[in-house]
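Undergrad: Got a file for you: entry-v2.tsv, TSV, C-alpha atoms and all ligand atoms.
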```tsv
chain	number	residue	atom	x	y	z
A	1	MET	CA	180.04	239.75	-51.60
A	2	ILE	CA	180.84	241.08	-55.07
A	3	LYS	CA	180.02	244.75	-54.53
A	4	LEU	CA	178.08	246.77	-57.08
A	5	ALA	CA	180.70	249.52	-57.05
A	6	ARG	CA	183.85	250.46	-55.21
A	7	PRO	CA	185.58	253.83	-55.34
A	8	TYR	CA	189.05	253.71	-56.86
A	9	ILE	CA	191.41	256.08	-55.08
A	10	PRO	CA	195.10	255.76	-55.97
A	11	GLU	CA	197.60	255.71	-53.05
A	12	LYS	CA	199.26	258.80	-54.48
A	13	ALA	CA	195.97	260.69	-54.15
A	14	ILE	CA	195.63	259.66	-50.50
A	15	GLU	CA	199.19	260.84	-49.77
A	16	LYS	CA	198.52	264.19	-51.43
A	17	ALA	CA	195.28	264.64	-49.52
A	18	ALA	CA	197.19	263.95	-46.28
A	19	GLU	CA	199.71	266.64	-47.24
A	20	VAL	CA	196.94	269.19	-47.73
A	21	LEU	CA	195.41	268.23	-44.39
A	22	ARG	CA	198.79	268.74	-42.68
A	23	SER	CA	199.23	272.12	-44.38
A	24	GLY	CA	196.15	273.49	-42.64
A	25	ASN	CA	194.85	275.12	-45.85
A	26	LEU	CA	191.64	273.16	-46.12
A	27	VAL	CA	188.89	275.11	-47.87
A	28	GLN	CA	188.69	276.13	-51.53
A	29	GLY	CA	192.18	277.26	-52.58
A	30	LYS	CA	194.96	276.52	-55.04
A	31	TYR	CA	194.08	272.84	-55.54
A	32	VAL	CA	190.48	273.64	-56.41
A	33	LYS	CA	191.84	276.06	-59.04
A	34	GLU	CA	194.24	273.39	-60.32
A	35	PHE	CA	191.45	270.79	-60.47
A	36	GLU	CA	189.34	273.26	-62.46
A	37	ASN	CA	192.20	273.77	-64.93
A	38	SER	CA	192.66	270.02	-65.41
A	39	ILE	CA	188.92	269.59	-66.01
A	40	CYS	CA	189.01	272.38	-68.65
A	41	ASN	CA	191.93	270.68	-70.39
A	42	TYR	CA	190.29	267.28	-70.32
A	43	LEU	CA	186.90	268.46	-71.61
A	44	LYS	CA	188.33	271.14	-73.93
A	45	ILE	CA	186.14	273.86	-72.44
A	46	LYS	CA	186.88	277.40	-71.21
A	47	ASN	CA	185.51	277.39	-67.65
A	48	ALA	CA	185.04	274.89	-64.85
A	49	VAL	CA	183.51	275.76	-61.49
A	50	VAL	CA	184.08	273.03	-58.92
A	51	VAL	CA	181.38	272.67	-56.24
A	52	SER	CA	180.38	270.46	-53.32
A	53	SER	CA	178.20	267.94	-55.23
A	54	GLY	CA	176.54	267.13	-58.54
A	55	THR	CA	173.28	268.36	-57.08
A	56	ALA	CA	174.91	271.66	-56.11
A	57	ALA	CA	176.16	271.93	-59.71
A	58	LEU	CA	172.62	271.51	-61.08
A	59	HIS	CA	171.11	273.87	-58.51
A	60	LEU	CA	173.66	276.63	-59.18
A	61	SER	CA	173.14	276.21	-62.93
A	62	LEU	CA	169.43	276.98	-62.61
A	63	LEU	CA	170.14	279.92	-60.29
A	64	ALA	CA	172.78	281.33	-62.64
A	65	LEU	CA	170.35	281.14	-65.58
A	66	GLY	CA	167.72	282.94	-63.49
A	67	ILE	CA	165.19	280.11	-63.71
A	68	LYS	CA	162.45	280.77	-61.18
A	69	ARG	CA	158.81	280.46	-60.14
A	70	GLY	CA	156.48	280.32	-63.15
A	71	ASP	CA	159.12	278.75	-65.41
A	72	GLU	CA	159.06	275.20	-66.75
A	73	VAL	CA	162.05	272.95	-67.25
A	74	ILE	CA	161.93	269.73	-69.28
A	75	VAL	CA	163.55	266.69	-67.62
A	76	PRO	CA	163.59	262.98	-68.47
A	77	ALA	CA	161.11	260.82	-66.54
A	78	PHE	CA	163.84	258.30	-65.69
A	79	THR	CA	166.84	259.61	-63.76
A	80	PHE	CA	168.20	260.21	-60.28
A	81	PRO	CA	165.64	262.50	-58.55
A	82	ALA	CA	168.19	265.31	-58.06
A	83	THR	CA	167.69	266.28	-61.72
A	84	ALA	CA	164.09	267.32	-61.01
A	85	ASN	CA	164.50	268.23	-57.32
A	86	VAL	CA	166.67	271.23	-58.20
A	87	VAL	CA	163.94	272.53	-60.52
A	88	GLU	CA	161.49	272.34	-57.60
A	89	LEU	CA	164.02	274.06	-55.34
A	90	VAL	CA	164.16	277.19	-57.54
A	91	GLY	CA	160.33	277.22	-57.58
A	92	ALA	CA	160.00	276.16	-61.23
A	93	LYS	CA	158.03	273.20	-62.59
A	94	PRO	CA	159.72	270.06	-63.90
A	95	VAL	CA	157.92	268.74	-66.99
A	96	PHE	CA	158.66	265.07	-67.54
A	97	VAL	CA	159.33	263.47	-70.92
A	98	ASP	CA	159.53	259.70	-71.39
A	99	ILE	CA	162.81	258.00	-72.32
A	100	ASN	CA	164.03	255.63	-75.03
A	101	LEU	CA	164.75	252.06	-74.01
A	102	SER	CA	167.79	252.00	-76.32
A	103	ASP	CA	169.83	254.62	-74.43
A	104	PHE	CA	167.64	255.19	-71.30
A	105	CYS	CA	167.87	258.92	-72.07
A	106	ILE	CA	165.17	261.45	-72.93
A	107	ASP	CA	163.13	260.55	-76.05
A	108	THR	CA	163.86	263.57	-78.21
A	109	ALA	CA	160.82	262.87	-80.42
A	110	LYS	CA	158.59	263.58	-77.40
A	111	ILE	CA	160.15	266.86	-76.27
A	112	GLU	CA	158.43	269.35	-78.58
A	113	GLU	CA	154.90	268.37	-77.51
A	114	LYS	CA	155.83	269.37	-73.93
A	115	ILE	CA	157.20	272.82	-74.79
A	116	THR	CA	155.01	275.78	-73.75
A	117	SER	CA	155.51	279.54	-73.53
A	118	LYS	CA	156.80	278.96	-69.99
A	119	THR	CA	159.53	276.49	-70.97
A	120	LYS	CA	162.97	277.94	-70.28
A	121	ALA	CA	165.35	275.01	-70.32
A	122	ILE	CA	165.90	271.30	-70.92
A	123	ILE	CA	168.03	269.16	-68.61
A	124	PRO	CA	168.98	266.09	-70.66
A	125	VAL	CA	170.58	263.33	-68.57
A	126	HIS	CA	173.36	261.17	-69.99
A	127	GLU	CA	172.07	258.17	-68.11
A	128	PHE	CA	174.47	255.43	-66.95
A	129	GLY	CA	177.32	257.15	-68.81
A	130	GLN	CA	175.63	257.01	-72.24
A	131	SER	CA	175.18	260.26	-74.16
A	132	ALA	CA	171.63	261.41	-74.89
A	133	LYS	CA	170.78	262.25	-78.51
A	134	LEU	CA	172.48	265.63	-78.41
A	135	ASP	CA	172.03	266.57	-82.09
A	136	ASP	CA	168.23	266.57	-81.69
A	137	ILE	CA	168.44	268.29	-78.32
A	138	MET	CA	170.62	271.13	-79.59
A	139	ASN	CA	168.33	271.59	-82.62
A	140	ILE	CA	165.26	271.88	-80.39
A	141	ALA	CA	167.08	274.31	-78.08
A	142	GLN	CA	167.90	276.54	-81.01
A	143	LYS	CA	164.41	276.35	-82.54
A	144	TYR	CA	162.65	277.32	-79.30
A	145	ASN	CA	165.43	279.42	-77.76
A	146	LEU	CA	165.83	277.17	-74.72
A	147	LYS	CA	168.86	276.77	-72.46
A	148	ILE	CA	170.44	273.32	-72.19
A	149	ILE	CA	171.87	272.20	-68.86
A	150	GLU	CA	173.42	268.78	-69.39
A	151	ASP	CA	173.17	266.47	-66.39
A	152	ALA	CA	176.37	264.59	-67.14
A	153	ALA	CA	176.70	263.59	-63.47
A	154	CYS	CA	177.59	260.02	-64.39
A	155	ALA	CA	179.08	260.59	-67.83
A	156	LEU	CA	182.55	262.12	-67.44
A	157	GLY	CA	184.41	261.19	-70.63
A	158	ALA	CA	181.35	260.05	-72.60
A	159	GLU	CA	181.19	261.40	-76.16
A	160	PHE	CA	178.68	262.29	-78.84
A	161	GLU	CA	180.20	262.49	-82.32
A	162	HIS	CA	183.71	262.69	-80.81
A	163	GLN	CA	182.87	265.65	-78.56
A	164	LYS	CA	182.74	265.17	-74.78
A	165	VAL	CA	179.29	265.41	-73.24
A	166	GLY	CA	178.76	268.30	-70.85
A	167	THR	CA	180.26	270.70	-73.41
A	168	PHE	CA	177.26	270.92	-75.76
A	169	GLY	CA	174.80	272.91	-73.64
A	170	GLU	CA	175.03	276.34	-72.05
A	171	LEU	CA	176.13	274.50	-68.89
A	172	GLY	CA	177.28	270.95	-68.15
A	173	CYS	CA	177.15	269.35	-64.68
A	174	PHE	CA	179.21	266.44	-63.34
A	175	SER	CA	179.31	264.60	-60.00
A	176	PHE	CA	182.29	263.20	-58.09
A	177	HIS	CA	180.21	261.06	-55.73
A	178	PRO	CA	181.82	257.66	-54.91
A	179	ARG	CA	179.46	255.92	-57.35
A	180	LYS	CA	180.94	257.87	-60.26
A	181	ALA	CA	184.13	257.05	-62.22
A	182	ILE	CA	186.24	259.54	-60.28
A	183	THR	CA	185.40	260.68	-56.77
A	184	THR	CA	186.24	263.37	-54.26
A	185	GLY	CA	183.93	261.84	-51.64
A	186	GLU	CA	181.29	264.44	-52.38
A	187	GLY	CA	181.83	266.89	-55.20
A	188	GLY	CA	180.79	268.19	-58.56
A	189	VAL	CA	181.61	270.66	-61.31
A	190	ILE	CA	179.82	272.95	-63.74
A	191	VAL	CA	181.51	273.60	-67.07
A	192	THR	CA	180.72	276.30	-69.62
A	193	ASN	CA	182.20	278.28	-72.48
A	194	ASN	CA	180.24	281.34	-71.27
A	195	ASP	CA	182.63	283.51	-69.19
A	196	LYS	CA	179.84	285.64	-67.70
A	197	LEU	CA	177.92	282.60	-66.47
A	198	ALA	CA	181.13	281.13	-65.00
A	199	GLU	CA	181.71	284.36	-63.10
A	200	LYS	CA	178.16	284.30	-61.75
A	201	LEU	CA	178.49	280.64	-60.72
A	202	LYS	CA	181.69	281.42	-58.80
A	203	ILE	CA	179.96	284.24	-56.95
A	204	LEU	CA	176.90	282.10	-56.18
A	205	ARG	CA	178.96	279.17	-54.81
A	206	ASN	CA	180.72	281.49	-52.35
A	207	HIS	CA	178.04	283.43	-50.42
A	208	GLY	CA	177.53	285.93	-53.26
A	209	ILE	CA	180.97	287.44	-52.69
A	210	SER	CA	182.55	289.48	-55.44
A	211	TYR	CA	186.07	290.91	-55.18
A	212	LYS	CA	186.39	294.26	-56.93
A	213	ASP	CA	189.62	296.29	-56.70
A	214	GLY	CA	190.69	294.13	-53.76
A	215	LYS	CA	187.49	294.93	-51.88
A	216	VAL	CA	184.92	292.37	-50.78
A	217	ASP	CA	181.32	292.98	-51.75
A	218	PHE	CA	178.20	290.78	-51.56
A	219	VAL	CA	176.42	291.06	-54.89
A	220	GLU	CA	174.11	287.98	-54.85
A	221	ALA	CA	172.20	285.94	-52.27
A	222	GLY	CA	174.69	283.11	-52.65
A	223	LEU	CA	175.26	279.73	-51.05
A	224	ASN	CA	178.25	277.86	-49.70
A	225	TYR	CA	178.74	275.19	-52.35
A	226	ARG	CA	182.56	275.20	-52.21
A	227	MET	CA	184.76	272.11	-52.44
A	228	THR	CA	187.69	271.68	-50.04
A	229	ASP	CA	191.30	271.58	-51.24
A	230	PHE	CA	191.89	268.09	-49.81
A	231	GLN	CA	189.01	266.83	-51.96
A	232	ALA	CA	190.33	268.65	-55.02
A	233	VAL	CA	193.71	266.85	-54.87
A	234	LEU	CA	191.87	263.52	-54.94
A	235	GLY	CA	190.16	264.70	-58.12
A	236	ILE	CA	193.39	265.95	-59.71
A	237	GLU	CA	195.16	262.62	-59.15
A	238	GLN	CA	192.25	260.52	-60.42
A	239	LEU	CA	191.70	262.67	-63.49
A	240	LEU	CA	195.27	261.76	-64.53
A	241	GLU	CA	194.04	258.16	-64.80
A	242	ILE	CA	190.63	258.78	-66.35
A	243	ASP	CA	191.49	257.24	-69.73
A	244	ASN	CA	192.54	253.96	-68.07
A	245	ILE	CA	189.51	253.99	-65.79
A	246	ILE	CA	187.16	254.37	-68.76
A	247	GLU	CA	189.00	251.78	-70.85
A	248	GLN	CA	188.72	249.24	-68.04
A	249	ARG	CA	184.99	249.90	-67.69
A	250	ILE	CA	184.43	249.44	-71.40
A	251	LYS	CA	186.34	246.14	-71.23
A	252	ILE	CA	184.12	244.88	-68.40
A	253	ALA	CA	180.98	245.97	-70.30
A	254	ASN	CA	182.18	244.11	-73.40
A	255	LEU	CA	182.76	240.94	-71.36
A	256	TYR	CA	179.25	241.19	-69.89
A	257	ASN	CA	177.87	241.77	-73.41
A	258	GLU	CA	179.62	238.64	-74.72
A	259	LYS	CA	178.16	236.49	-71.96
A	260	LEU	CA	174.65	237.93	-72.09
A	261	SER	CA	174.01	238.83	-75.73
A	262	SER	CA	172.53	235.43	-76.59
A	263	ILE	CA	170.16	235.34	-73.60
A	264	ASP	CA	166.78	236.28	-75.00
A	265	LYS	CA	165.26	237.34	-71.67
A	266	ILE	CA	167.96	239.96	-71.19
A	267	LYS	CA	168.49	243.14	-73.21
A	268	ILE	CA	172.10	244.33	-73.10
A	269	PRO	CA	173.10	247.99	-73.59
A	270	HIS	CA	172.78	249.24	-77.15
A	271	ASN	CA	175.97	250.28	-78.89
A	272	PHE	CA	175.65	253.52	-80.92
A	273	LYS	CA	178.21	254.16	-83.67
A	274	ASN	CA	178.45	257.93	-83.06
A	275	ARG	CA	178.50	257.81	-79.24
A	276	LYS	CA	181.08	256.67	-76.69
A	277	ALA	CA	179.55	255.25	-73.48
A	278	VAL	CA	181.70	255.16	-70.34
A	279	TYR	CA	179.56	252.65	-68.39
A	280	GLN	CA	179.33	254.47	-65.10
A	281	THR	CA	176.70	251.77	-64.66
A	282	TYR	CA	176.28	248.55	-66.64
A	283	HIS	CA	172.51	248.39	-66.97
A	284	ILE	CA	170.40	245.64	-68.55
A	285	LEU	CA	166.67	245.15	-68.97
A	286	VAL	CA	165.20	241.83	-67.90
A	287	ASN	CA	162.08	240.44	-69.56
A	288	ASP	CA	158.63	241.09	-68.00
A	289	VAL	CA	158.32	237.42	-66.99
A	290	ILE	CA	161.23	237.90	-64.60
A	291	ASN	CA	160.52	239.40	-61.18
A	292	ARG	CA	163.41	241.83	-61.01
A	293	ASP	CA	163.19	242.43	-57.25
A	294	ASN	CA	163.28	238.68	-56.54
A	295	LEU	CA	166.23	238.38	-58.88
A	296	ILE	CA	168.11	241.09	-56.95
A	297	MET	CA	167.40	239.16	-53.71
A	298	LYS	CA	168.50	235.80	-55.14
A	299	LEU	CA	171.71	237.26	-56.51
A	300	LYS	CA	172.40	238.80	-53.12
A	301	GLU	CA	171.99	235.37	-51.48
A	302	ASN	CA	174.64	234.22	-53.94
A	303	GLY	CA	177.02	236.97	-52.89
A	304	ILE	CA	176.35	239.33	-55.79
A	305	GLU	CA	175.20	242.89	-55.18
A	306	THR	CA	172.97	244.34	-57.92
A	307	ASN	CA	170.38	247.11	-57.94
A	308	LEU	CA	167.74	248.90	-59.97
A	309	GLY	CA	169.19	251.50	-62.31
A	310	ALA	CA	167.30	254.73	-61.69
A	311	GLN	CA	163.88	256.00	-60.61
A	312	ALA	CA	160.82	256.71	-62.74
A	313	LEU	CA	160.11	260.13	-61.27
A	314	PRO	CA	156.37	260.11	-62.10
A	315	CYS	CA	156.10	257.02	-59.81
A	316	LEU	CA	157.67	258.74	-56.80
A	317	THR	CA	155.31	259.99	-54.09
A	318	TYR	CA	156.33	263.65	-54.27
A	319	TYR	CA	156.02	264.10	-58.04
A	320	LYS	CA	153.11	261.73	-58.51
A	321	ASN	CA	151.01	263.59	-55.92
A	322	LYS	CA	152.07	267.14	-56.72
A	323	TYR	CA	151.47	266.90	-60.48
A	324	ASN	CA	148.90	264.07	-60.55
A	325	LEU	CA	151.08	262.03	-62.90
A	326	LYS	CA	149.97	258.77	-64.51
A	327	GLU	CA	152.34	255.87	-65.04
A	328	ARG	CA	150.75	255.07	-68.40
A	329	ASP	CA	152.06	258.38	-69.80
A	330	PHE	CA	155.66	257.26	-69.21
A	331	PRO	CA	155.71	253.59	-70.27
A	332	ASN	CA	159.43	253.35	-71.01
A	333	ALA	CA	160.51	255.08	-67.80
A	334	VAL	CA	158.23	252.77	-65.81
A	335	LYS	CA	159.55	249.70	-67.63
A	336	ALA	CA	163.18	250.68	-66.97
A	337	TYR	CA	162.31	251.39	-63.31
A	338	LYS	CA	160.66	247.99	-62.87
A	339	GLN	CA	162.77	245.72	-65.13
A	340	GLY	CA	166.18	247.44	-65.13
A	341	LEU	CA	169.12	245.80	-63.39
A	342	THR	CA	172.63	247.13	-62.78
A	343	LEU	CA	175.51	244.69	-62.49
A	344	PRO	CA	178.77	245.17	-60.53
A	345	MET	CA	181.18	247.52	-62.31
A	346	GLY	CA	184.58	248.94	-61.41
A	347	ASP	CA	188.24	248.10	-60.95
A	348	HIS	CA	187.33	245.48	-58.32
A	349	ILE	CA	185.66	243.28	-60.97
A	350	ASN	CA	187.76	240.64	-62.76
A	351	ASN	CA	187.01	238.06	-65.46
A	352	GLU	CA	186.26	235.36	-62.89
A	353	ASN	CA	183.70	237.66	-61.20
A	354	ILE	CA	182.01	238.27	-64.55
A	355	ASN	CA	181.75	234.51	-65.16
A	356	VAL	CA	180.20	233.96	-61.73
A	357	ILE	CA	177.80	236.92	-62.04
A	358	THR	CA	176.55	236.03	-65.52
A	359	GLU	CA	176.19	232.33	-64.68
A	360	LYS	CA	174.19	233.06	-61.54
A	361	LEU	CA	172.11	235.61	-63.41
A	362	ILE	CA	171.17	233.11	-66.11
A	363	ILE	CA	170.38	230.33	-63.59
A	364	ASP	CA	168.45	232.50	-61.15
A	365	TYR	CA	165.84	234.22	-63.26
A	401	LIG	C1	174.78	261.07	-59.16
A	401	LIG	C2	173.81	261.86	-59.94
A	401	LIG	C3	173.36	263.12	-59.49
A	401	LIG	C4	173.69	263.67	-58.15
A	401	LIG	O1	175.05	263.89	-57.91
A	401	LIG	P1	175.51	264.07	-56.38
A	401	LIG	O2	176.98	264.39	-56.51
A	401	LIG	O3	175.27	262.78	-55.69
A	401	LIG	O4	174.75	265.20	-55.81
A	401	LIG	C5	172.50	263.82	-60.32
A	401	LIG	N1	172.08	263.33	-61.49
A	401	LIG	C6	172.49	262.12	-61.95
A	401	LIG	C7	172.02	261.64	-63.27
A	401	LIG	C8	173.35	261.34	-61.18
A	401	LIG	O5	173.73	260.15	-61.63
```
As structure tokens, what does this structure read like?
TA:
Amino acid sequence: MIKLARPYIPEKAIEKAAEVLRSGNLVQGKYVKEFENSICNYLKIKNAVVVSSGTAALHLSLLALGIKRGDEVIVPAFTFPATANVVELVGAKPVFVDINLSDFCIDTAKIEEKITSKTKAIIPVHEFGQSAKLDDIMNIAQKYNLKIIEDAACALGAEFEHQKVGTFGELGCFSFHPRKAITTGEGGVIVTNNDKLAEKLKILRNHGISYKDGKVDFVEAGLNYRMTDFQAVLGIEQLLEIDNIIEQRIKIANLYNEKLSSIDKIKIPHNFKNRKAVYQTYHILVNDVINRDNLIMKLKENGIETNLGAQALPCLTYYKNKYNLKERDFPNAVKAYKQGLTLPMGDHINNENINVITEKLIIDY
């Protein structure tokens, strides 16, 4: 079976993790600090707060900004559900905006019509490792005085106009789940140039503990969203190789593009001049005449693992029922949900695999 994804963990990282395990110092410590410093250097940002998952990063971001019951937060209609779940979890209301089919990110032309006096923030998602249209998003944020929390969970290293995504908004969130380019098993990080917010995030991830004059005090109702030190060393070692990891992904995407660009029933990812995509996922749209779910099954019978790309949140039971959402209001999200297909991507994929995958894909639809 050609797997959809496979985590890449260098031997050196495994050795280092074993060393930490033998040392007995397991929970958040010096390696978490070191990982945070390397993330700051890589993204050119002042603060990084490493946490236990991408979802924890998003949840803490909303808590740190004080978003609560009665508030509204704008989220794209097509994403991984965690983006909206965290809004629910702080008691606020997620307000869905349809996406573009060119970048599968929020359609910035449709944001303003959803802004009300209750709107406090926008969570743009850089879907599949492609930057959302951040110039529009930052303009809207400024015009309406809204906070931007970038869900860059699958976009470490992606750029908009030569600046890394995750560094545009008040807060940027990343995930280190095994499906992402670098992984700590479970893990995530929040980055920000705002020192006060970083301080608050650190307190919230650690039970609300604040150390003042060497004394422990509990100043918030915090959580335990810490990362362990043996996870952090995995992150440190992989981050050293991030440029190669991204380069290899772009190469694979380009090979897929070459093979598929002339197939009229398939829409390959759009290439934007002012954005750098990192292809956390290589995602195509297949024509309406193709039954995508059957295609996934047929490819599986041929030893190729593929999947749908992300969920249309207004189609999911929880959101559909709670907010009485109609599919017709989110046509692009629904189309991507029903006709989107992700192809195998990662360091386990070679040229021969790409030939087999694209040939089968073309024969089987
Ligand atoms: C993976 C992902 C998340 C969740 O990250 P976890 O580390 O799995 O909690 C959230 N949003 C998006 C867009 C993702 O791709």
Undergrad: For ligand LIG 401 (chain A), collect every residue having any atom at a distance of at most 6 Å from a ligand atom (counting all atoms listed in the file); output as a ChimeraX atom specification.
TA: /A:53-55,79-80,82-83,125,127,151,153-154,175-177,186-188
Undergrad: Go through A:Gln231, A:Glu247, A:Tyr279, A:Val51 and flag the residue nearest Ala155 (chain A), using all atoms listed in the file for the distances.
TA: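 Once distances to Ala155 (chain A) are computed over all atoms listed in the file, the minimum belongs to A:Tyr279.
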Undergrad: Nearest to Ala232 (chain A): which of A:Val189, A:Asn355, A:Leu260, A:Lys110 is it, counting only C-alpha atoms?
TA: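 Looking only at the distances to Ala232 (chain A), the closest residue turns out to be A:Val189.
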Undergrad: Figure out the distance between CA of His348 (chain A) and CA of Lys3 (chain A), please, to one decimal in Å.
TA: 8.3 Å
Undergrad: Taking (179.3, 263.6, -82.6) in the file's coordinates, which residues come within 10 Å, counting only C-alpha atoms, written as a VMD selection string?
TA: chain A and resid 131 133 to 135 159 to 165 273 to 276
Undergrad: Looking at only C-alpha atoms, which of A:Lys68, A:His59, A:Lys44, A:Lys322 is the one that sits closest to Ile149 (chain A)?
TA: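 For Ile149 (chain A), the nearest of the candidates is A:His59.
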Undergrad: Which residues, written as a list in words, have at least one atom at most 10 Å from Val289 (chain A), with all atoms listed in the file counted and residues fewer than 3 positions away on the same chain left out?
TA: Lys265, Val286, Arg292, Gln339 and Tyr365 of chain A
Undergrad: Would you write out those residues with C-alpha atoms, as a JSON list (two decimals), in the frame of the given file?
TA:
```json
[["chain", "number", "residue", "atom", "x", "y", "z"],
["A", 265, "LYS", "CA", 165.26, 237.34, -71.67],
["A", 286, "VAL", "CA", 165.20, 241.83, -67.90],
["A", 292, "ARG", "CA", 163.41, 241.83, -61.01],
["A", 339, "GLN", "CA", 162.77, 245.72, -65.13],
["A", 365, "TYR", "CA", 165.84, 234.22, -63.26]]
```
Undergrad: Would you compute the distance between CA of Tyr8 (chain A) and CA of Val233 (chain A)? Give it in Å to one decimal.
TA: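 Separating CA of Tyr8 (chain A) from CA of Val233 (chain A) is a distance of 14.1 Å.
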Undergrad: Kindly indicate which residue among A:Leu223, A:Ile209, A:Ile123, A:Cys105 lies nearest to Cys173 (chain A), using all atoms listed in the file for the distances.
TA: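 Once distances to Cys173 (chain A) are computed over all atoms listed in the file, the minimum belongs to A:Ile123.
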Undergrad: Which one is closest to Gln238 (chain A): A:Ile39, A:Asn224, A:Met345, A:Glu19? Count all atoms listed in the file.
TA: A:Ile39
Undergrad: Here is a test: counting only C-alpha atoms, which residue of A:Gln311, A:Thr119, A:Asn145, A:Thr342 is nearest to Pro94 (chain A)?
TA: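 Looking only at the distances to Pro94 (chain A), the closest residue turns out to be A:Thr119.
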Undergrad: Between CA of His270 (chain A) and CA of Ile148 (chain A), what is the spacing in Å?
TA: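 Atom-to-atom, CA of Ile148 (chain A) to CA of His270 (chain A), that is 24.7 Å.
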Undergrad: Report the centre and edge lengths, in Å to one decimal, of an axis-aligned box enclosing every atom of region 232-242 of chain A listed in the file, padded by 5 Å on each side, as JSON.
TA:
```
{"center_x": 192.7, "center_y": 263.4, "center_z": -60.6, "size_x": 15.1, "size_y": 20.5, "size_z": 21.5}
```
